[in-house]
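Trainee: Before I ask anything, here is the structure I am working with.
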Amino acid sequence: LSAKYINERHLPEKAIDVIDEAGARSRLAPASRRKKTVGVADIEAMVAQMARLPEKSVSSSAKDILKNLDGKMKMLVFGQDNAIDALSEAIKLSRAGLGVDNKPVGSFLFAGPTGVGKTEVTVQLSKLLGIELLRFDMSEYGERHSVSRLIGAPPGYVGYDQGGLLTDAVIKHPHSVVLLDEI
């Protein structure tokens, strides 16, 4: 699990850290809740905490969620079957290990008139996967100078050392659905 979900460090260090942290957490628990052995659920919880992921996406039940992802999405969002198929296929390929590490699972452009379900697809996807939805209303960033609020100030300007709204949100929630709405 550490090889799959923790990307900042290398093996075997990250695997040993997961086991060490899970053991320490078990040892620090009150005597009434302490277990003799660290189980799979404890390791999954520790990997989720270290990778800043929801436990739901690291657990073994994530396979069941992915298996039925397109069916559940189609029941929640009507008329977007092609978009849902492409989205679920990309997620399944990435989670199967066929995607590129340290890159987004996918970048999708949903185009169409108002009210067809473009935003709803992303909202339901984040709910089903149990991950954070980062929504940015791009109509607020129509002017050239307002983009710095989103990505941060360029080098040499005041506030360069501070990130923008988008960059800070992605650093805080690296495994999330990012929605740039109303472009």
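By order of appearance in the structure tokens: chains A, B, ..., then residues from 1 within every chain, and ligands from 1 in the order shown.
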With DSSP run on the backbone, what are the helix (DSSP H, G or I) residues within region 18-153 of chain A? I'd like them as a PyMOL selection string.

Mentor: chain A and resi 18-28+40-50+55-58+62-67+69-76+81-95+118-129+138-141+144-151

Trainee: What's the 7 Å shell around region 12-19 of chain A, counting only C-alpha atoms, without same-chain residues fewer than 4 positions away, as a list in words?

Mentor: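 Within the cut-off, the hits are Ser2, Gly23, Ile43, Met46 and Val47 of chain A.
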
Trainee: Please determine, counting only C-alpha atoms, which residue among A:Glu140, A:Glu120, A:Glu44, A:Asp20 has the shortest atom-to-atom distance to Lys56 (chain A).

Mentor: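 Of A:Glu140, A:Glu120, A:Glu44, A:Asp20, the one nearest Lys56 (chain A) is A:Glu44, counting only C-alpha atoms.
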
Trainee: Using only C-alpha atoms for the distances, tell me which of A:Met75, A:Leu1, A:Val147, A:Ala83 is nearest to Gly112 (chain A).

Mentor: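 Ranked by minimum distance to Gly112 (chain A), first place goes to A:Ala83.
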
Trainee: From a DSSP pass on the backbone, collect the residues of chain A flagged as strand (DSSP E) and hand them back as a VMD selection string.

Mentor: chain A and resid 132 to 137 176 to 181

Trainee: At what distance in Å, to one decimal, does CA of Arg149 (chain A) lie from CA of Glu182 (chain A)?

Mentor: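 Distance reported for this atom pair: 16.8 Å.
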
Trainee: A:Ala48, A:Ala24, A:Leu109, A:Ile171: which is nearest Val121 (chain A), counting only C-alpha atoms?

Mentor: A:Leu109

Trainee: Rank A:Ala111, A:Met50, A:Leu128, A:Leu28 by their smallest atom-to-atom distance to Asp70 (chain A), using only C-alpha atoms, and report the top residue only.

Mentor: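 Counting only C-alpha atoms, the residue closest to Asp70 (chain A) is A:Leu128.
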
Trainee: Just want the 12 Å neighbourhood of Lys63 (chain A), counted on only C-alpha atoms, with same-chain residues fewer than 4 positions away dropped. Output as a PyMOL selection string.

Mentor: chain A and resi 56-59+67-69+91-92+95-96+129
